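Following: one structure in structure tokens, then a few remarks.
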Amino acid sequence: MPPYAGPPAARPGDVAGVLRLLAYLILATALMVLDYRSGWLRAVRAQAEVAVQPLWWLAGLPSKVGTGLREEAVTRTQLARDNERLRNALLVQAARNARLRTAAAENERLRGLLGSAERGRLDVQLASVLDIDLDPTRQRLLLDSGSNAGVRVGQAVIDAGGLMGQVTATTPTTASVLLLTDPDHAVPVAVARSGIRLVVYGSGRNDALHLADVPLSADVRVGDQLLTSGLGGRFPPGFAVGTVGTLRPDDSRAFLEADVTPAAQLDRGRDVLLLRGYKPVPAVDPAAAAPAAGNASVPASTLPAAPSNAVVPSTTAPAAEPRR
């Protein structure tokens, strides 16, 4: 090997590559100078962009589709949440509105009760209904006031419309009320228009009373209002009992009978009024009261005939005692 060897000789291929690179650089520089000075390449670039725009759209399509799907999923989820929230809010609002309507109706009933008591200047006690029994054979109310609140047996129970019944039993905290519609209940009444004295019986229906034993010659008409007569001392006189319906002959064809629409709302309302300041005649046993019937100050002939198991009003025997 010689002590010094010079650089290897350039190969023809390397020289040609260098020359091509120089030519490309010169061409690029010339094109940049011409574009800067005349701007003729701008139109070419614009046409090239138009030509490759579909390619860009296709390239970006998967990303757009994925973004759209994500946004749609998020929108659907948000809409479902909003619908659920609005539905719950609507249910809550409907429940509040129903409660407000109930409270308004209850306030209206209370105003009616207190208004009737104020108009009549009555000494009354307000009591709420705890339970109600409207079985055809048993018509009762259970009140939340008892003997501790001054409630006593025989006390008349009324509402804004009229007479409802009477207290038949008490405990220290509750009272049981026998409604007018109970089959074992009877109350002496008088026709407000003519003053004819009659007896109204419970029918076992909460929307009707039964008027029986009406003489054929009695001055009683459809639509007449019936008021408590006060006979027997059980109920104070002048309280509305009901309105006479269609009169019809009874089975014996010797008397008339009719259904009576109660004046009181026996099947609705949460509060009633207990009448104070009136002392009813104490309840007595019918067997013990029978011998004293001849000493009654009210002649029996003034009262209509009643069934044997009904209570005949008198001043010695209470007029509204349950029939046994």
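Identifiers for the structure tokens are assigned positionally: chains receive A, B, ... in sequence, residues are indexed from 1 per chain, and ligands are indexed from 1 in the order shown.
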Query raised in the report: What lies within 9 Å of Leu180 of chain A using only C-alpha atoms, ignoring chain neighbours under 2 positions off, as a count of residues only?
Result: 22
Report task. Compile the contact shell of Arg152 of chain A as JSON, numbers by chain: residues with an atom at most 10 Å away, counting only C-alpha atoms, same-chain residues fewer than 6 positions apart removed. Result -> {"A": [146, 166, 167, 168, 169, 170, 171, 175, 274, 276, 279]}
Report task. Identify, on the basis of only C-alpha atoms, every residue whose closest approach to Asp251 of chain A does not exceed 12 Å; exclude the query and any residue fewer than 5 positions from it along the same chain; express the result as a count of residues only. Result -> 4
Query raised in the report: In segment 115-176 of chain A, what's strand (DSSP E) per DSSP? Answer as a ChimeraX atom specification?
Result: /A:124-135,138-143,156-158,163-170,175-176
Requested in this report: Can you check which residues of segment 46-175 of chain A DSSP gives as helix (DSSP H, G or I) on the backbone and send them as an MDAnalysis selection string?
Outcome: chainID A and resid 46:119 147:149
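What separates atom CA of Gly269 of chain A from atom CA of Ala127 of chain A is a distance of 11.2 Å.
Distances from A:Val222, A:Leu275, A:Leu231, A:Ala73 to Val153 of chain A were compared using only C-alpha atoms, and the smallest one belongs to A:Leu275.
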Report summary line: What separates atom CA of Asp271 of chain A and atom CA of Ser229 of chain A is a distance of 25.1 Å
